[in-house]
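See below for the structure under consideration.
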Amino acid sequence: MAALTFFSYFFLGIGPGIVFFLFLIAPKSFLVLLTLFSTFLWLIVLLATSAIFRGFLPFPVTQGSYAGVLVASVAIQEAVRIGVWFLHRKSSAMLEDVARQTGHRYALLDKLYIALAWGFGHAACHSVFFFLSLLPLTSGDGTFYLDECPQMSLFLMGALYSLAFGMILTSTMVVAFEGYHTRDVAHILYAPLLHFAASLATLGNLRQGGCQVVMPVLIAVGGFSSIYAGQMSWRKGLAGQGGRPRLSSEGS
């Protein structure tokens with residue numbers, strides 16, 4: 001029964017991301033390496049952020065104190081996102097030079113694939129940090145609930161959180177990078193505003209029965225953001241090259 005519970009929550013929270021990785025990222029070796037690097041980078045960021053907040057423990061058990069932690073944490077991640085963009089821009093310039101020298105084409109859709117890898121690494125790190133670390137507790141005889149939300153177990157909330165923020169963090173990275181590239185203010189603001197809003201929305205879980213509203217809303221927001229980023233990438237990719245991307249050679 002413990003194994004069934006473990007894998008049920010695991011595939012709910014991580015399964016869609018695994019399928020996404022296998023179909024869109026795994027076929028391109030360069031994207032796999034970039035995703036691993038991104039996951040490692042964001043893991044360092046989250047560990048450093050948690051180390052900073054350790055100096056302020058214990059926090060008052062109030063929504064205000066938790067909101068402050070969320071705002072500061074998201075602000076740090078959004079600042080790092082800007083640094084990631086500059087790193088992405090420099091690496092893109094190098095890839096463009098290599099593509100020209102080898103007679104290949106480095107198109108806009110290729111850049112969107114790279115942004116996708118950066119975003120998926122961010123999402124994977126969040127899943128490991130905030131969800132997978134909880135799963136070993138499912139091996140116990142009971143389960144855990146928040147007093148404010150007895151309708152939903154802590155593990156189910158964690159799985160839905162992982163699924164929702166996996167979609168949000170992956171898609172917002174794609175939109176943000178496209179915004180930086182084209183200097184589209186709406187797309188530049190899209191990522192931090194959605195990230196802040198989604199994070200602060202989790203405070204609703206601290207209200208009686210709030211999880212019944214918050215978690216479906218986060219899933220819906222993640223789905224909408226993913227659809228928007230996908231449509232934008234499809235439109236930009238077709239307009240940019242009208243064909244199949246060539247980020248990596250076949251079989252690489």
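Chain labels run A, B, ... following the order of the structure tokens; each chain numbers its residues from 1, and ligands are numbered from 1 in the order shown.
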Report as a VMD selection string: the residues of region 34-217 of chain A with a DSSP assignment of helix (DSSP H, G or I), based on the backbone of this structure.
chain A and resid 34 to 54 63 to 102 108 to 132 135 to 139 154 to 182 185 to 206 211 to 217
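For region 16-233 of chain A, backbone-based DSSP assignment of strand (DSSP E or B) covers Tyr145, Leu146, Cys149, Pro150, Gln151, Met152 and Ser153 of chain A.
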Smallest atom-to-atom distance to Trp118 (chain A): which of A:Ala67, A:Val84, A:Ala51, A:Val217, using only C-alpha atoms?
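Of A:Ala67, A:Val84, A:Ala51, A:Val217, the one nearest Trp118 (chain A) is A:Val84, counting only C-alpha atoms.
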Long-range neighbours of Leu70 (chain A) as a JSON list (two decimals) with C-alpha atoms, in the first residue's frame, 10 Å cut-off, only C-alpha atoms, 2 positions minimum in chain:
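The resulting file, around-v5.json, is reproduced below:
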[["chain", "number", "residue", "atom", "x", "y", "z"],
["A", 64, "GLY", "CA", 2.21, 38.44, 6.59],
["A", 65, "SER", "CA", 5.46, 36.73, 7.55],
["A", 66, "TYR", "CA", 4.95, 33.95, 5.00],
["A", 67, "ALA", "CA", 4.09, 36.53, 2.35],
["A", 68, "GLY", "CA", 7.35, 38.33, 3.07],
["A", 72, "ALA", "CA", 11.77, 37.80, -1.15],
["A", 73, "SER", "CA", 12.27, 34.28, -2.53],
["A", 74, "VAL", "CA", 10.53, 35.05, -5.82],
["A", 75, "ALA", "CA", 12.43, 38.35, -6.12],
["A", 76, "ILE", "CA", 15.74, 36.49, -5.79],
["A", 196, "PHE", "CA", 4.61, 36.47, -7.77],
["A", 199, "SER", "CA", 3.35, 32.09, -5.17],
["A", 200, "LEU", "CA", 1.24, 34.48, -3.12],
["A", 202, "THR", "CA", -0.53, 29.58, -2.12],
["A", 203, "LEU", "CA", -1.17, 31.60, 1.05]]
Pick out the residues sitting within 10 Å of Thr39 (chain A), and hand them over as a VMD selection string; count only C-alpha atoms, and ignore anything fewer than 5 positions along from it in its own chain.
chain A and resid 33 to 34 44 to 45 117 to 126 128
